[in-house]
>>> print(open('work.cif').read())   # mmCIF, C-alpha atoms
data_target
loop_
_atom_site.label_atom_id
_atom_site.label_comp_id
_atom_site.auth_asym_id
_atom_site.auth_seq_id
_atom_site.Cartn_x
_atom_site.Cartn_y
_atom_site.Cartn_z
CA MET A 1 -36.43 32.20 79.70
CA ILE A 2 -35.61 34.63 76.93
CA ALA A 3 -32.11 33.16 76.59
CA ARG A 4 -33.51 29.67 76.15
CA LEU A 5 -35.93 30.90 73.50
CA ARG A 6 -33.11 32.56 71.58
CA THR A 7 -31.09 29.35 71.70
CA ARG A 8 -34.00 27.33 70.32
CA VAL A 9 -34.56 29.84 67.50
CA ARG A 10 -30.89 29.72 66.50
CA ARG A 11 -30.96 25.93 66.45
CA ALA A 12 -34.07 25.95 64.28
CA VAL A 13 -32.48 28.40 61.83
CA ARG A 14 -29.34 26.27 61.59
CA GLU A 15 -31.40 23.14 61.00
CA ASP A 16 -33.43 24.89 58.27
CA ARG A 17 -30.23 25.98 56.55
CA ALA A 18 -28.79 22.47 56.75
CA ASP A 19 -31.92 21.01 55.14
CA ALA A 20 -32.17 23.70 52.47
CA GLY A 21 -29.91 21.78 49.89
CA PHE A 22 -28.35 23.51 46.83
CA SER A 23 -29.50 26.79 45.50
CA MET A 24 -30.56 27.19 41.85
CA VAL A 25 -27.31 28.96 40.99
CA GLU A 26 -25.28 26.14 42.49
CA LEU A 27 -27.24 23.56 40.51
CA ILE A 28 -26.71 25.47 37.24
CA VAL A 29 -22.97 25.81 37.86
CA ALA A 30 -22.66 22.12 38.75
CA SER A 31 -24.57 21.10 35.61
CA MET A 32 -22.39 23.28 33.39
CA MET A 33 -19.23 21.85 34.92
CA SER A 34 -20.51 18.31 34.35
CA ILE A 35 -21.32 19.05 30.71
CA ILE A 36 -17.87 20.57 30.13
CA MET A 37 -16.13 17.58 31.72
CA LEU A 38 -18.19 15.11 29.69
CA GLY A 39 -17.37 17.05 26.51
CA ILE A 40 -13.64 16.96 27.26
CA ILE A 41 -13.71 13.24 28.04
CA GLY A 42 -15.77 12.51 24.91
CA SER A 43 -13.40 14.51 22.69
CA LEU A 44 -10.38 12.69 24.09
CA PHE A 45 -12.06 9.33 23.53
CA ILE A 46 -12.98 10.15 19.92
CA LYS A 47 -9.47 11.49 19.25
CA THR A 48 -7.96 8.31 20.64
CA LEU A 49 -10.15 6.15 18.41
CA GLN A 50 -9.26 8.24 15.35
CA THR A 51 -5.54 8.04 16.10
CA GLN A 52 -5.75 4.31 16.67
CA GLY A 53 -7.59 3.86 13.37
CA ALA A 54 -5.01 5.93 11.47
CA VAL A 55 -2.14 3.94 13.01
CA THR A 56 -3.87 0.68 12.10
CA ASP A 57 -4.43 1.84 8.51
CA THR A 58 -0.80 2.95 8.19
CA THR A 59 0.46 -0.38 9.54
CA THR A 60 -1.83 -2.30 7.20
CA THR A 61 -0.72 -0.18 4.25
CA SER A 62 2.94 -0.72 5.10
CA ASN A 63 2.52 -4.48 5.40
CA ASN A 64 0.51 -4.79 2.18
CA ALA A 65 2.95 -2.57 0.30
CA LYS A 66 5.89 -4.68 1.43
CA VAL A 67 4.20 -7.89 0.29
CA VAL A 68 3.42 -6.49 -3.17
CA PHE A 69 6.83 -4.88 -3.64
CA ASP A 70 8.76 -7.92 -2.39
CA GLU A 71 6.87 -10.12 -4.84
CA LEU A 72 7.68 -7.75 -7.69
CA GLN A 73 11.36 -7.65 -6.75
CA ALA A 74 11.59 -11.44 -6.52
CA ALA A 75 10.05 -11.85 -9.99
CA VAL A 76 12.47 -9.34 -11.55
CA ARG A 77 15.49 -11.02 -9.97
CA LEU A 78 14.51 -14.34 -11.57
CA ALA A 79 13.60 -12.81 -14.95
CA VAL A 80 15.29 -13.51 -18.27
CA GLU A 81 13.19 -10.93 -20.12
CA THR A 82 12.17 -7.54 -18.75
CA ASP A 83 9.93 -5.14 -20.64
CA VAL A 84 8.20 -1.90 -19.77
CA ARG A 85 5.32 -0.75 -21.95
CA SER A 86 2.60 1.86 -22.00
CA SER A 87 -0.94 0.55 -21.58
CA THR A 88 -2.02 2.77 -24.49
CA SER A 89 0.45 1.12 -26.88
CA MET A 90 1.43 -2.33 -25.66
CA ALA A 91 3.02 -3.34 -28.97
CA VAL A 92 5.52 -0.46 -28.98
CA GLU A 93 8.54 -0.33 -26.72
CA PRO A 94 8.91 3.18 -25.23
CA THR A 95 12.06 4.95 -26.36
CA ASP A 96 12.71 6.25 -22.84
CA GLY A 97 11.94 2.92 -21.18
CA ARG A 98 9.17 4.43 -19.07
CA GLY A 99 5.66 3.07 -18.75
CA ASP A 100 2.82 1.87 -16.56
CA VAL A 101 3.09 -1.83 -17.51
CA LEU A 102 5.91 -4.13 -16.39
CA ILE A 103 6.18 -7.48 -18.20
CA LEU A 104 8.58 -10.24 -17.16
CA LYS A 105 9.52 -13.68 -18.32
CA THR A 106 10.61 -15.21 -15.06
CA ARG A 107 11.60 -18.61 -13.75
CA GLN A 108 8.91 -20.68 -12.03
CA ASN A 109 10.94 -23.83 -11.32
CA GLN A 110 14.43 -25.28 -11.62
CA GLY A 111 13.80 -26.99 -14.96
CA GLU A 112 15.95 -26.82 -18.07
CA VAL A 113 16.52 -23.36 -19.50
CA ALA A 114 15.31 -24.42 -22.95
CA SER A 115 12.08 -25.91 -21.58
CA THR A 116 8.92 -23.84 -21.97
CA GLY A 117 7.61 -25.20 -18.66
CA THR A 118 10.51 -23.61 -16.78
CA TRP A 119 9.20 -20.12 -17.38
CA ARG A 120 6.12 -18.02 -16.77
CA CYS A 121 4.97 -14.58 -17.82
CA VAL A 122 4.19 -12.13 -15.03
CA ALA A 123 2.99 -8.58 -15.60
CA TRP A 124 1.87 -5.61 -13.51
CA TYR A 125 -0.20 -2.64 -14.65
CA LEU A 126 -0.78 0.57 -12.67
CA ASP A 127 -3.96 2.24 -13.90
CA ALA A 128 -5.13 5.85 -13.63
CA ASP A 129 -7.49 4.96 -10.76
CA ASP A 130 -4.60 3.98 -8.45
CA GLN A 131 -5.21 0.26 -8.86
CA LEU A 132 -2.39 -2.22 -9.38
CA HIS A 133 -3.25 -5.13 -11.67
CA LYS A 134 -1.31 -8.35 -12.07
CA ILE A 135 -1.48 -11.32 -14.39
CA THR A 136 0.46 -14.59 -14.32
CA ARG A 137 0.45 -17.01 -17.24
CA PRO A 138 2.61 -20.00 -18.22
CA ALA A 139 5.08 -19.28 -20.99
CA GLN A 140 3.70 -20.36 -24.36
CA ALA A 141 5.47 -22.46 -26.96
CA SER A 142 3.57 -20.71 -29.77
CA GLY A 143 0.66 -18.40 -30.48
CA THR A 144 -0.01 -14.92 -29.16
CA PRO A 145 1.98 -13.57 -26.20
CA ALA A 146 0.57 -14.48 -22.80
CA THR A 147 0.14 -10.83 -21.81
CA SER A 148 -1.44 -9.59 -25.03
CA VAL A 149 -4.89 -9.05 -23.48
CA ASN A 150 -6.06 -5.63 -22.29
CA PRO A 151 -4.21 -4.93 -19.02
CA ALA A 152 -7.31 -3.26 -17.55
CA SER A 153 -8.89 -6.73 -17.47
CA TRP A 154 -6.10 -8.19 -15.34
CA PRO A 155 -6.98 -8.97 -11.70
CA ILE A 156 -6.51 -6.13 -9.20
CA VAL A 157 -4.01 -7.00 -6.47
CA ALA A 158 -3.80 -3.65 -4.66
CA ARG A 159 -5.71 -0.38 -4.43
CA GLY A 160 -4.50 3.05 -3.42
CA VAL A 161 -1.28 2.63 -5.40
CA ALA A 162 0.27 5.39 -7.51
CA ALA A 163 3.61 6.38 -8.96
CA ILE A 164 5.81 8.36 -6.61
CA SER A 165 5.46 12.05 -7.42
CA GLY A 166 7.70 13.04 -10.30
CA ALA A 167 8.59 9.45 -11.22
CA SER A 168 7.33 6.77 -13.58
CA PRO A 169 6.03 3.60 -11.93
CA PHE A 170 8.34 1.42 -14.04
CA VAL A 171 11.52 2.20 -15.98
CA ALA A 172 13.50 -0.35 -18.02
CA LEU A 173 17.28 0.09 -18.01
CA GLU A 174 19.76 -1.19 -20.57
CA PRO A 175 20.82 -4.85 -20.29
CA ALA A 176 24.27 -5.61 -18.91
CA VAL A 177 26.75 -8.00 -20.53
CA ASP A 178 29.83 -9.50 -18.92
CA ALA A 179 32.36 -12.03 -20.14
CA GLU A 180 30.29 -15.06 -19.21
CA ALA A 181 26.62 -14.25 -19.08
CA TRP A 182 23.83 -12.07 -20.38
CA TYR A 183 21.60 -10.14 -18.02
CA PRO A 184 18.20 -8.68 -18.90
CA GLY A 185 17.73 -4.99 -18.22
CA SER A 186 17.29 -3.86 -14.64
CA ILE A 187 13.98 -2.34 -13.59
CA GLN A 188 13.39 0.82 -11.61
CA ALA A 189 10.12 0.70 -9.68
CA ALA A 190 8.75 3.71 -7.79
CA LEU A 191 5.37 3.19 -6.13
CA THR A 192 3.50 4.88 -3.30
CA PHE A 193 0.83 3.04 -1.32
CA ARG A 194 -2.08 4.53 0.62
CA GLU A 195 -5.12 2.69 1.99
CA GLY A 196 -8.18 3.72 3.99
CA ASP A 197 -7.61 6.69 6.30
CA SER A 198 -3.85 6.30 6.28
CA ARG A 199 -2.44 9.83 6.39
CA VAL A 200 1.13 8.83 5.67
CA PRO A 201 1.72 7.16 2.29
CA VAL A 202 4.27 4.38 2.07
CA ASP A 203 6.82 5.09 -0.68
CA LEU A 204 8.82 2.16 -2.04
CA SER A 205 11.38 2.54 -4.80
CA SER A 206 14.26 0.42 -5.96
CA THR A 207 16.49 -0.45 -8.89
CA ILE A 208 16.04 -4.21 -9.21
CA VAL A 209 18.82 -6.16 -10.90
CA PRO A 210 18.04 -9.60 -12.39
CA ARG A 211 20.35 -12.46 -11.50
CA ARG A 212 22.60 -14.11 -14.04
CA GLN A 213 20.81 -17.08 -15.60
CA LEU A 214 21.78 -17.33 -19.28
CA GLN A 215 25.25 -18.12 -20.58
CA LEU A 216 26.70 -16.48 -23.69
CA ASP A 217 26.94 -19.74 -25.63
CA GLY A 218 23.64 -19.32 -27.44
CA GLU A 219 21.50 -20.49 -24.52
CA THR A 220 17.95 -19.15 -24.84
CA PRO A 221 14.90 -19.60 -22.59
CA GLY A 222 12.13 -21.85 -23.82
CA GLY A 223 8.84 -20.54 -25.14
CA MET A 224 7.75 -17.32 -26.78
CA PRO A 225 8.49 -13.83 -25.49
CA CYS A 226 5.86 -12.59 -23.05
CA VAL A 227 5.10 -9.47 -25.05
#
>>> encode(input="work.cif", output="structure tokens")
Amino acid sequence: MIARLRTRVRRAVREDRADAGFSMVELIVASMMSIIMLGIIGSLFIKTLQTQGAVTDTTTTSNNAKVVFDELQAAVRLAVETDVRSSTSMAVEPTDGRGDVLILKTRQNQGEVASTGTWRCVAWYLDADDQLHKITRPAQASGTPATSVNPASWPIVARGVAAISGASPFVALEPAVDAEAWYPGSIQAALTFREGDSRVPVDLSSTIVPRRQLQLDGETPGGMPCV
């Protein structure tokens, strides 16, 4: 009889323990572990989003920079006049050829060299606020130069653009002459591009050499100079 009673008591104790659930300490520990895990997962998620955004910005910057720089290079290669000026003194040609304004008289079609309609004036201006301006005008037969207006009023084509550290954005080199043709001066361009949260700037620099277009037999391009 006593043995049976002991057996029933033991069973009751075991059942009570099984139904008791978690203790307060166990609940606190479990909650803290859950919070820590959620924090780690959240941090990883935020870091992933930030990295993805930075990569996207860098890719966008690189693509935009290439478009702008390729367009500038193409215009210089087809130019018959290349000038670099300072925005503070557009009428004066810098003695060292360095400046923040690049002005070109460049071909816009395959017309006759002497025709005004064959040429256009294209100019870029890099301002102190890291904005790249550009203006395009048809070459003029007479009157004031097409790029004589204040360069700060030219349309902005890119933001987050600056000169590469230690360099001028544009440098005009001396023209080259060979036995058959005259070449306008080459242009050195050194620009760095940064947009949005891009951590890595895109530096693009090149010495751009115009193609031979004018013969040495007195052939001159139509229209007025662009500056």
>>> resolve_selection(input="work.cif", expression="the PyMOL selection byres ((chain A and resi 138) around 12)", output="MDAnalysis selection string")
chainID A and resid 104:109 115:123 135:137 139:142 145:147 222:226
>>> residues_near_point(input="work.cif", point="(-3.6, -6.1, -6.3)", cutoff="10 Å", atoms="all atoms listed in the file", output="list of chain:residue names")
A:Asn64, A:Ala65, A:Val68, A:Trp124, A:Tyr125, A:Leu126, A:Gln131, A:Leu132, A:His133, A:Lys134, A:Ile135, A:Trp154, A:Pro155, A:Ile156, A:Val157, A:Ala158, A:Arg159, A:Gly160, A:Val161
>>> closest_residue(input="work.cif", among="A:Ser23, A:Ser153, A:Ser43, A:Gln188", to="Gly99 in chain A", atoms="all atoms listed in the file")
A:Gln188
>>> atom_distance(input="work.cif", atom1="CA of Ile164 in chain A", atom2="CA of Ala190 in chain A")
5.6 Å
>>> atom_distance(input="work.cif", atom1="CA of Ser89 in chain A", atom2="CA of Ala128 in chain A")
15.1 Å
>>> atom_distance(input="work.cif", atom1="CA of Ala172 in chain A", atom2="CA of Asn150 in chain A")
20.7 Å
>>> resolve_selection(input="work.cif", expression="the PyMOL selection byres ((chain A and resi 85) around 6)", output="number ranges by chain")
A: 84, 86, 90, 93, 99, 101
>>> closest_residue(input="work.cif", among="A:Ser168, A:Asp100, A:Asp130, A:Arg77", to="Tyr183 in chain A", atoms="only C-alpha atoms")
A:Arg77
>>> closest_residue(input="work.cif", among="A:Pro221, A:Gly143, A:Gly97, A:Gly166", to="Ile187 in chain A", atoms="all atoms listed in the file")
A:Gly97
>>> closest_residue(input="work.cif", among="A:Ala162, A:Ala152, A:Leu191, A:Ala114", to="Val80 in chain A", atoms="only C-alpha atoms")
A:Ala114
>>> resolve_selection(input="work.cif", expression="the PyMOL selection byres ((chain A and resi 209) around 10)", output="ChimeraX atom specification")
/A:73-74,76-79,173,175-176,183-188,206-208,210-212
>>> axis_aligned_box(input="work.cif", around="range 133-151 of chain A", padding_each_side="8 Å", output="AutoDock Vina command-line options")
--center_x -0.3 --center_y -13.7 --center_z -21.1 --size_x 27.5 --size_y 33.5 --size_z 34.8
